[in-house]
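Report on the structure given below.
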Amino acid sequence: MGPLRGLRVLDLATLFAGPLAATLLGDFGADVVKVEHPAVPDPSRGHGPAKDGIGLWWKLLGRNKRTITLDLSTPGGRDTLLRLAATADVIVENFRPGTLEKWGLGWPELSAANPRLVLARVTAFGQQGPYAHRPGFGTLAEAMSGFAAVTGEPDGPPTLPPFGLADSIAALTCAYAVMTALAGRERTGHGQVVDLAIIEPILTVLGPQPLWYDQLGHVQPRTGNRSANNAPRNTYRSADGRWLAVSASAQSVAERVMRLVGRPELITEPWFATGAGRARHADVLDDAVGGWIADRKAEEVLCAFEEAEAAVALVYDVRDVMADPQFAALDTVTEVDDPELGPLRMQNILFRLSETPGGIRWAGRPHGADTTEVLVELGLSGAEIAALRTEGAL
């Protein structure tokens with residue numbers, strides 16, 4: 001069941017960045033054990049729409065994970081976590097810095113229990129610095145990274161995404177960081193700490209803005225759908241009310257688009273020869289492309305662009321994604337059988353491997369569903385498990 005089979009991951013994190021990183025590892029075969037507080041489950045179980053009282057977001061975020069309950073602040077919970085750590089390869093956590101240490105579960109204790117352990121610490125601001133102990137979420141990273149400042153219309157306010165963008169980028173980065181640390185372990189024989197601040201990966205994704213500012217004093221403005229580096233690049237509405245996105249990042253594609261929309265004379269303009277030059281004349285190009293598309297139905301536009309080998313796509317909502325033949329061919333949205341809700345359709349794993357593919361073994365399971373199974377595997381007796389329940393550790 002995937003190339004990471006045999007790898008054990010303890011997911012102590014809540015909400016999105018840390019748990020999603022663990023999900024990505026589980027998708028390729030890792031045995032992910034989700035550890036939740038007995039009385040306070042991961043809040044993602046209650047985020048967004050629910051069916052029959054069961055949160056649907058959790059079905060995605062919790063897939064391929066076994067779920068146990070453990071109160072780490074209790075002596076029994078602490079001792080059990082250390083026993084679990086001795087069997088694990090990776091722990092993913094996102095408590096505020098100092099919390100694990102307060103419970104006697106800091107890096108000295110965890111690495112003593114398992115010198116080969118990798119501890120991935122995912123927080124808003126990292127483990128050091130003046131903001132380290134502040135509470136924070138992905139929204140703050142979207143604001144502080146500069147993302148919001150460049151998103152939106154030029155005369156409008158900064159715009160935040162309506163989904164966990166910074167968290168998701170951090171999750172992808174965390175999964176990569178964990179695999180990098182594990183590769184390092186193969187060389188050194190011992191584990192290490194991954195310190196990942198959610199404010200950082202999204203800044204890298206935004207491109208060379210710090211470099212531009214450092215060398216040129218340039219601050220990227222908000223430009224809406226337009227780009228300062230090429231044109232035409234925008235969304236345009238068809239005669240039947242559909243929105244289409246056009247991109248002409250390559251010179252050859254820009255020329256094909258102008259010929260297609262009946263404005264070949266623009267190609268001979270000196271400014272047309274560079275992306276930046278075209279961007280400075282975006283009004284002219286948008287009028288040409290937008291006017292041509294406005295006179296035609298979306299299907300006609302798509303066919304004409306495809307014949308011209310120019311880049312275009314309909315602006316989809318989720319209904320279009322679910323019905324699209326290309327997504328269907330890739331099995332991008334796949335069906336998973338769930339004992340609680342029956343067949344579910346959700347995003348498939350991120351990529352396909354030809355020799356050691358991953359897969360979705362099950363959707364998110366109920367709170368604490370595997371507690372007894374995991375603890376029995378750990379070697380705890382029935383009496384020990386009952387004592388932990390009496391203590392309130394489970």
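Following the order of the structure tokens, first chain is A, next is B, and so on, with residues numbered from 1 inside each chain and ligands from 1 in the order they appear.
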
Could you pull the residues within 12 Å of A:Pro162, counting only C-alpha atoms, minus those fewer than 2 positions along the same chain, as number ranges by chain? A: 138-139, 142, 148, 159-160, 164-166

Please report, as a PDB file with N, CA, C and O atoms, in the first residue's frame, each residue of stretch 146-248 of chain A to which DSSP assigns strand (DSSP E) when run on this structure's backbone.
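Everything below was put into selection-v9.pdb:
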```
ATOM      1  N   VAL A 193      14.784  17.757  14.609  1.00  0.00           N
ATOM      2  CA  VAL A 193      13.576  18.581  14.710  1.00  0.00           C
ATOM      3  C   VAL A 193      13.390  19.362  13.416  1.00  0.00           C
ATOM      4  O   VAL A 193      14.336  19.963  12.894  1.00  0.00           O
ATOM      5  N   VAL A 194      12.171  19.355  12.901  1.00  0.00           N
ATOM      6  CA  VAL A 194      11.766  20.214  11.786  1.00  0.00           C
ATOM      7  C   VAL A 194      11.015  21.404  12.378  1.00  0.00           C
ATOM      8  O   VAL A 194       9.992  21.225  13.036  1.00  0.00           O
ATOM      9  N   ASP A 195      11.522  22.600  12.167  1.00  0.00           N
ATOM     10  CA  ASP A 195      10.881  23.829  12.650  1.00  0.00           C
ATOM     11  C   ASP A 195      10.279  24.540  11.442  1.00  0.00           C
ATOM     12  O   ASP A 195      10.994  25.121  10.634  1.00  0.00           O
ATOM     13  N   LEU A 196       8.962  24.458  11.300  1.00  0.00           N
ATOM     14  CA  LEU A 196       8.290  25.023  10.134  1.00  0.00           C
ATOM     15  C   LEU A 196       7.321  26.111  10.580  1.00  0.00           C
ATOM     16  O   LEU A 196       6.398  25.854  11.354  1.00  0.00           O
ATOM     17  N   ALA A 197       7.537  27.327  10.106  1.00  0.00           N
ATOM     18  CA  ALA A 197       6.643  28.457  10.387  1.00  0.00           C
ATOM     19  C   ALA A 197       5.721  28.658   9.192  1.00  0.00           C
ATOM     20  O   ALA A 197       6.185  28.779   8.054  1.00  0.00           O
ATOM     21  N   ARG A 233      -3.869  38.424 -20.318  1.00  0.00           N
ATOM     22  CA  ARG A 233      -4.000  37.481 -19.202  1.00  0.00           C
ATOM     23  C   ARG A 233      -5.111  38.005 -18.312  1.00  0.00           C
ATOM     24  O   ARG A 233      -4.935  38.951 -17.557  1.00  0.00           O
ATOM     25  N   ASN A 234      -6.300  37.356 -18.456  1.00  0.00           N
ATOM     26  CA  ASN A 234      -7.464  37.864 -17.742  1.00  0.00           C
ATOM     27  C   ASN A 234      -8.586  36.845 -17.849  1.00  0.00           C
ATOM     28  O   ASN A 234      -8.419  35.780 -18.457  1.00  0.00           O
ATOM     29  N   THR A 235      -9.722  37.177 -17.250  1.00  0.00           N
ATOM     30  CA  THR A 235     -10.938  36.394 -17.453  1.00  0.00           C
ATOM     31  C   THR A 235     -11.895  37.215 -18.304  1.00  0.00           C
ATOM     32  O   THR A 235     -12.005  38.437 -18.138  1.00  0.00           O
ATOM     33  N   TYR A 236     -12.579  36.532 -19.196  1.00  0.00           N
ATOM     34  CA  TYR A 236     -13.455  37.201 -20.163  1.00  0.00           C
ATOM     35  C   TYR A 236     -14.779  36.446 -20.219  1.00  0.00           C
ATOM     36  O   TYR A 236     -14.808  35.215 -20.142  1.00  0.00           O
ATOM     37  N   ARG A 237     -15.878  37.198 -20.417  1.00  0.00           N
ATOM     38  CA  ARG A 237     -17.212  36.593 -20.392  1.00  0.00           C
ATOM     39  C   ARG A 237     -17.716  36.348 -21.799  1.00  0.00           C
ATOM     40  O   ARG A 237     -17.637  37.225 -22.671  1.00  0.00           O
ATOM     41  N   TRP A 243     -17.536  32.376 -17.946  1.00  0.00           N
ATOM     42  CA  TRP A 243     -16.262  33.055 -17.826  1.00  0.00           C
ATOM     43  C   TRP A 243     -15.146  32.123 -18.296  1.00  0.00           C
ATOM     44  O   TRP A 243     -15.152  30.927 -17.988  1.00  0.00           O
ATOM     45  N   LEU A 244     -14.217  32.700 -19.053  1.00  0.00           N
ATOM     46  CA  LEU A 244     -13.075  31.945 -19.537  1.00  0.00           C
ATOM     47  C   LEU A 244     -11.786  32.661 -19.163  1.00  0.00           C
ATOM     48  O   LEU A 244     -11.730  33.900 -19.193  1.00  0.00           O
ATOM     49  N   ALA A 245     -10.764  31.884 -18.829  1.00  0.00           N
ATOM     50  CA  ALA A 245      -9.448  32.437 -18.519  1.00  0.00           C
ATOM     51  C   ALA A 245      -8.527  32.239 -19.710  1.00  0.00           C
ATOM     52  O   ALA A 245      -8.468  31.153 -20.299  1.00  0.00           O
ATOM     53  N   VAL A 246      -7.822  33.299 -20.061  1.00  0.00           N
ATOM     54  CA  VAL A 246      -6.864  33.263 -21.166  1.00  0.00           C
ATOM     55  C   VAL A 246      -5.496  33.646 -20.629  1.00  0.00           C
ATOM     56  O   VAL A 246      -5.369  34.598 -19.846  1.00  0.00           O
ATOM     57  N   SER A 247      -4.479  32.892 -21.022  1.00  0.00           N
ATOM     58  CA  SER A 247      -3.105  33.211 -20.644  1.00  0.00           C
ATOM     59  C   SER A 247      -2.232  33.157 -21.881  1.00  0.00           C
ATOM     60  O   SER A 247      -2.310  32.220 -22.678  1.00  0.00           O
TER      61      SER A 247
END
```

With only C-alpha atoms as the atoms that count, which of A:Leu353, A:Ile360, A:Cys174, A:Ala279 lies nearest to A:Arg226?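 Smallest distance to A:Arg226 is found for A:Ala279.
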
Leaving out A:Asp89 and any residue of its chain fewer than 6 positions from it, which residues lie within 10 Å of it when counting only C-alpha atoms, given as a list in words?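 Contacts, with the query itself left out: Gly6, Leu7, Arg8, Val9, Leu10, Ala30, Asp31, Asn114, Pro115, Arg116, Leu117, Val118, Leu119, Val178, Leu182 and Gly191 of chain A.
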
For N, CA, C and O atoms, I'd like the residues from the last selection saved as a PDB file, in the first residue's frame.
```pdb
ATOM      1  N   GLY A   6       5.331   0.852   6.444  1.00  0.00           N
ATOM      2  CA  GLY A   6       6.321   0.575   7.480  1.00  0.00           C
ATOM      3  C   GLY A   6       6.747   1.809   8.249  1.00  0.00           C
ATOM      4  O   GLY A   6       7.378   1.704   9.306  1.00  0.00           O
ATOM      5  N   LEU A   7       6.398   2.994   7.722  1.00  0.00           N
ATOM      6  CA  LEU A   7       6.700   4.249   8.408  1.00  0.00           C
ATOM      7  C   LEU A   7       5.547   4.574   9.351  1.00  0.00           C
ATOM      8  O   LEU A   7       4.383   4.540   8.939  1.00  0.00           O
ATOM      9  N   ARG A   8       5.839   4.887  10.605  1.00  0.00           N
ATOM     10  CA  ARG A   8       4.781   5.258  11.554  1.00  0.00           C
ATOM     11  C   ARG A   8       4.857   6.742  11.868  1.00  0.00           C
ATOM     12  O   ARG A   8       5.920   7.266  12.210  1.00  0.00           O
ATOM     13  N   VAL A   9       3.708   7.405  11.766  1.00  0.00           N
ATOM     14  CA  VAL A   9       3.581   8.840  12.012  1.00  0.00           C
ATOM     15  C   VAL A   9       2.551   9.053  13.106  1.00  0.00           C
ATOM     16  O   VAL A   9       1.434   8.530  13.022  1.00  0.00           O
ATOM     17  N   LEU A  10       2.907   9.812  14.121  1.00  0.00           N
ATOM     18  CA  LEU A  10       1.962  10.226  15.149  1.00  0.00           C
ATOM     19  C   LEU A  10       1.525  11.653  14.839  1.00  0.00           C
ATOM     20  O   LEU A  10       2.345  12.572  14.812  1.00  0.00           O
ATOM     21  N   ALA A  30       2.095   5.325   4.861  1.00  0.00           N
ATOM     22  CA  ALA A  30       2.511   5.452   6.259  1.00  0.00           C
ATOM     23  C   ALA A  30       1.360   5.074   7.197  1.00  0.00           C
ATOM     24  O   ALA A  30       0.196   5.343   6.903  1.00  0.00           O
ATOM     25  N   ASP A  31       1.696   4.447   8.312  1.00  0.00           N
ATOM     26  CA  ASP A  31       0.725   4.159   9.364  1.00  0.00           C
ATOM     27  C   ASP A  31       0.597   5.409  10.216  1.00  0.00           C
ATOM     28  O   ASP A  31       1.446   5.690  11.065  1.00  0.00           O
ATOM     29  N   ASN A 114      13.377   7.794  21.667  1.00  0.00           N
ATOM     30  CA  ASN A 114      13.628   7.261  20.321  1.00  0.00           C
ATOM     31  C   ASN A 114      14.616   8.174  19.606  1.00  0.00           C
ATOM     32  O   ASN A 114      14.226   9.189  19.023  1.00  0.00           O
ATOM     33  N   PRO A 115      15.900   7.836  19.614  1.00  0.00           N
ATOM     34  CA  PRO A 115      16.911   8.704  18.982  1.00  0.00           C
ATOM     35  C   PRO A 115      16.736   8.865  17.476  1.00  0.00           C
ATOM     36  O   PRO A 115      17.285   9.797  16.905  1.00  0.00           O
ATOM     37  N   ARG A 116      15.956   7.990  16.842  1.00  0.00           N
ATOM     38  CA  ARG A 116      15.750   8.078  15.391  1.00  0.00           C
ATOM     39  C   ARG A 116      14.486   8.864  15.029  1.00  0.00           C
ATOM     40  O   ARG A 116      14.143   8.992  13.852  1.00  0.00           O
ATOM     41  N   LEU A 117      13.840   9.426  16.013  1.00  0.00           N
ATOM     42  CA  LEU A 117      12.578  10.125  15.782  1.00  0.00           C
ATOM     43  C   LEU A 117      12.797  11.455  15.061  1.00  0.00           C
ATOM     44  O   LEU A 117      13.755  12.177  15.334  1.00  0.00           O
ATOM     45  N   VAL A 118      11.872  11.773  14.152  1.00  0.00           N
ATOM     46  CA  VAL A 118      11.797  13.100  13.532  1.00  0.00           C
ATOM     47  C   VAL A 118      10.589  13.813  14.123  1.00  0.00           C
ATOM     48  O   VAL A 118       9.466  13.288  14.066  1.00  0.00           O
ATOM     49  N   LEU A 119      10.805  14.980  14.700  1.00  0.00           N
ATOM     50  CA  LEU A 119       9.729  15.781  15.296  1.00  0.00           C
ATOM     51  C   LEU A 119       9.468  16.996  14.409  1.00  0.00           C
ATOM     52  O   LEU A 119      10.317  17.884  14.303  1.00  0.00           O
ATOM     53  N   VAL A 178       9.667  16.491   6.226  1.00  0.00           N
ATOM     54  CA  VAL A 178       9.740  15.214   6.939  1.00  0.00           C
ATOM     55  C   VAL A 178      10.526  14.196   6.128  1.00  0.00           C
ATOM     56  O   VAL A 178      11.412  13.499   6.652  1.00  0.00           O
ATOM     57  N   LEU A 182      14.010  12.409   7.112  1.00  0.00           N
ATOM     58  CA  LEU A 182      14.159  10.957   7.129  1.00  0.00           C
ATOM     59  C   LEU A 182      15.313  10.505   6.239  1.00  0.00           C
ATOM     60  O   LEU A 182      16.035   9.556   6.575  1.00  0.00           O
ATOM     61  N   GLY A 191      17.504  11.063  14.425  1.00  0.00           N
ATOM     62  CA  GLY A 191      16.480  11.992  13.979  1.00  0.00           C
ATOM     63  C   GLY A 191      16.830  13.440  14.271  1.00  0.00           C
ATOM     64  O   GLY A 191      17.941  13.760  14.721  1.00  0.00           O
TER      65      GLY A 191
END
```

Could you pull the residues within 6 Å of A:Asp42, counting only C-alpha atoms, minus those fewer than 2 positions along the same chain, as a ChimeraX atom specification? /A:14,44-45

With C-alpha atoms retained, could you export that selection as a PDB file, in the first residue's frame?
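And here is the file that came out, selection_2.pdb:
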```pdb
ATOM      1  CA  THR A  14      -5.065  20.121  14.970  1.00  0.00           C
ATOM      2  CA  SER A  44     -11.686  20.134  11.764  1.00  0.00           C
ATOM      3  CA  ARG A  45     -14.335  17.542  12.646  1.00  0.00           C
TER       4      ARG A  45
END
```

I need the residue nearest A:Thr151 from this list: A:Ser73, A:Thr123, A:Ser168, A:Gln220. Use only C-alpha atoms for the distance.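 Closest residue, counting only C-alpha atoms: A:Gln220.
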
Skip A:Ala21 itself and residues of its chain fewer than 3 positions away, then list as a PDB file with C-alpha atoms, in the first residue's frame all residues within 8 Å of it, counting only C-alpha atoms.
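The new file out_22.pdb reads:
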```pdb
ATOM      1  CA  ALA A  17      -1.331  22.407   8.200  1.00  0.00           C
ATOM      2  CA  GLY A  18       0.048  19.672  10.463  1.00  0.00           C
ATOM      3  CA  LEU A  24      -0.141  13.238   2.615  1.00  0.00           C
ATOM      4  CA  LEU A  25       2.228  10.747   4.246  1.00  0.00           C
ATOM      5  CA  ALA A 171       1.357  21.090   4.748  1.00  0.00           C
ATOM      6  CA  LEU A 172       3.000  20.301   1.421  1.00  0.00           C
ATOM      7  CA  THR A 173       6.221  21.820   2.714  1.00  0.00           C
ATOM      8  CA  CYS A 174       6.000  19.879   5.959  1.00  0.00           C
ATOM      9  CA  ALA A 175       5.592  16.553   4.165  1.00  0.00           C
TER      10      ALA A 175
END
```

Surrounding residues of A:Arg63 excluding itself and chain neighbours under 2 positions, 7 Å, only C-alpha atoms, as a list in words: Thr23, Lys59, Leu60, Leu61, Lys65, Ile360, Trp362, Ala363 and Gly364 of chain A

Deliver the residues from the most recent selection as a file, using all heavy atoms, as a PDB file, in the first residue's frame.
```
ATOM      1  N   THR A  23      -1.681  13.510   6.536  1.00  0.00           N
ATOM      2  CA  THR A  23      -2.537  12.863   5.544  1.00  0.00           C
ATOM      3  C   THR A  23      -1.746  12.527   4.292  1.00  0.00           C
ATOM      4  O   THR A  23      -1.882  11.432   3.727  1.00  0.00           O
ATOM      5  CB  THR A  23      -3.715  13.777   5.174  1.00  0.00           C
ATOM      6  OG1 THR A  23      -4.473  14.092   6.342  1.00  0.00           O
ATOM      7  CG2 THR A  23      -4.633  13.111   4.155  1.00  0.00           C
ATOM      8  N   LYS A  59     -13.607  13.842   6.907  1.00  0.00           N
ATOM      9  CA  LYS A  59     -13.515  12.629   6.092  1.00  0.00           C
ATOM     10  C   LYS A  59     -12.336  12.715   5.123  1.00  0.00           C
ATOM     11  O   LYS A  59     -11.707  11.696   4.813  1.00  0.00           O
ATOM     12  CB  LYS A  59     -14.823  12.406   5.321  1.00  0.00           C
ATOM     13  CG  LYS A  59     -15.975  11.963   6.192  1.00  0.00           C
ATOM     14  CD  LYS A  59     -15.710  10.598   6.814  1.00  0.00           C
ATOM     15  CE  LYS A  59     -16.811  10.131   7.729  1.00  0.00           C
ATOM     16  NZ  LYS A  59     -16.503   8.844   8.382  1.00  0.00           N
ATOM     17  N   LEU A  60     -12.039  13.921   4.655  1.00  0.00           N
ATOM     18  CA  LEU A  60     -10.883  14.134   3.778  1.00  0.00           C
ATOM     19  C   LEU A  60      -9.598  14.226   4.587  1.00  0.00           C
ATOM     20  O   LEU A  60      -8.618  13.516   4.323  1.00  0.00           O
ATOM     21  CB  LEU A  60     -11.087  15.412   2.966  1.00  0.00           C
ATOM     22  CG  LEU A  60      -9.932  15.877   2.090  1.00  0.00           C
ATOM     23  CD1 LEU A  60      -9.702  14.894   0.938  1.00  0.00           C
ATOM     24  CD2 LEU A  60     -10.211  17.271   1.539  1.00  0.00           C
ATOM     25  N   LEU A  61      -9.585  15.084   5.602  1.00  0.00           N
ATOM     26  CA  LEU A  61      -8.370  15.340   6.373  1.00  0.00           C
ATOM     27  C   LEU A  61      -7.954  14.128   7.216  1.00  0.00           C
ATOM     28  O   LEU A  61      -6.767  13.919   7.474  1.00  0.00           O
ATOM     29  CB  LEU A  61      -8.588  16.556   7.282  1.00  0.00           C
ATOM     30  CG  LEU A  61      -7.362  17.144   7.970  1.00  0.00           C
ATOM     31  CD1 LEU A  61      -6.364  17.679   6.961  1.00  0.00           C
ATOM     32  CD2 LEU A  61      -7.766  18.257   8.927  1.00  0.00           C
ATOM     33  N   LYS A  65      -5.933   7.438   8.416  1.00  0.00           N
ATOM     34  CA  LYS A  65      -5.413   7.592   9.783  1.00  0.00           C
ATOM     35  C   LYS A  65      -6.212   6.717  10.745  1.00  0.00           C
ATOM     36  O   LYS A  65      -7.437   6.635  10.633  1.00  0.00           O
ATOM     37  CB  LYS A  65      -5.514   9.054  10.254  1.00  0.00           C
ATOM     38  CG  LYS A  65      -4.727  10.045   9.418  1.00  0.00           C
ATOM     39  CD  LYS A  65      -4.898  11.471   9.917  1.00  0.00           C
ATOM     40  CE  LYS A  65      -4.149  12.459   9.035  1.00  0.00           C
ATOM     41  NZ  LYS A  65      -4.275  13.853   9.509  1.00  0.00           N
ATOM     42  N   ILE A 360      -6.143   5.637  -1.184  1.00  0.00           N
ATOM     43  CA  ILE A 360      -6.998   5.964  -0.041  1.00  0.00           C
ATOM     44  C   ILE A 360      -7.562   4.652   0.498  1.00  0.00           C
ATOM     45  O   ILE A 360      -8.343   3.978  -0.175  1.00  0.00           O
ATOM     46  CB  ILE A 360      -8.121   6.923  -0.436  1.00  0.00           C
ATOM     47  CG1 ILE A 360      -7.536   8.210  -1.033  1.00  0.00           C
ATOM     48  CG2 ILE A 360      -8.997   7.248   0.774  1.00  0.00           C
ATOM     49  CD1 ILE A 360      -8.574   9.136  -1.616  1.00  0.00           C
ATOM     50  N   TRP A 362      -9.137   4.361   3.634  1.00  0.00           N
ATOM     51  CA  TRP A 362     -10.407   4.653   4.285  1.00  0.00           C
ATOM     52  C   TRP A 362     -10.503   6.157   4.508  1.00  0.00           C
ATOM     53  O   TRP A 362      -9.495   6.864   4.525  1.00  0.00           O
ATOM     54  CB  TRP A 362     -10.537   3.907   5.616  1.00  0.00           C
ATOM     55  CG  TRP A 362      -9.460   4.203   6.618  1.00  0.00           C
ATOM     56  CD1 TRP A 362      -9.359   5.292   7.440  1.00  0.00           C
ATOM     57  CD2 TRP A 362      -8.297   3.400   6.898  1.00  0.00           C
ATOM     58  NE1 TRP A 362      -8.228   5.234   8.212  1.00  0.00           N
ATOM     59  CE2 TRP A 362      -7.554   4.078   7.907  1.00  0.00           C
ATOM     60  CE3 TRP A 362      -7.817   2.182   6.402  1.00  0.00           C
ATOM     61  CZ2 TRP A 362      -6.362   3.568   8.412  1.00  0.00           C
ATOM     62  CZ3 TRP A 362      -6.627   1.675   6.920  1.00  0.00           C
ATOM     63  CH2 TRP A 362      -5.913   2.366   7.915  1.00  0.00           C
ATOM     64  N   ALA A 363     -11.719   6.651   4.656  1.00  0.00           N
ATOM     65  CA  ALA A 363     -11.954   8.059   4.969  1.00  0.00           C
ATOM     66  C   ALA A 363     -11.807   8.255   6.481  1.00  0.00           C
ATOM     67  O   ALA A 363     -11.606   7.307   7.242  1.00  0.00           O
ATOM     68  CB  ALA A 363     -13.338   8.474   4.500  1.00  0.00           C
ATOM     69  N   GLY A 364     -11.881   9.527   6.906  1.00  0.00           N
ATOM     70  CA  GLY A 364     -11.691   9.854   8.318  1.00  0.00           C
ATOM     71  C   GLY A 364     -12.594   9.033   9.226  1.00  0.00           C
ATOM     72  O   GLY A 364     -13.804   8.927   8.987  1.00  0.00           O
TER      73      GLY A 364
END
```

Might you pull out every residue within 7 Å of stretch 202-209 of chain A, with only C-alpha atoms counted and same-chain residues fewer than 5 positions away left off, and present them as an NGL selection string? :A and (145 or 147 or 166 or 169)

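Between atom CA of A:Val40 and atom CA of A:Leu140 the separation is 24.1 Å.
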
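Among the candidate residues A:Leu260, A:Ala254, A:Gly98, A:Ser354, the one lying nearest to A:Phe272 is A:Ala254, with distances computed using only C-alpha atoms.
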
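Comparing the minimum interatomic distances between A:Phe327 and each of A:Asn348, A:Glu255, A:Glu307, A:Leu380, counting only C-alpha atoms, we find that A:Asn348 sits nearest.
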
Could you give me, as number ranges by chain, each residue of stretch 53-269 of chain A that DSSP assigns to alpha helix (DSSP H) when run on this structure's backbone? A: 56-61, 75-87, 99-102, 107-113, 138-144, 147-150, 165-188, 201-205, 209-216, 251-260

What does the distance from atom CA of A:Pro154 to atom CA of A:Arg222 come to in Å, to one decimal? 4.9 Å

Atom CA of A:Leu388 and atom CA of A:Leu81 are how many Å apart? 12.1 Å

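Shortest atom-to-atom contact with A:Asp167 among A:Val219, A:Ala231, A:Met346, A:Ile198: A:Ile198, counting only C-alpha atoms.
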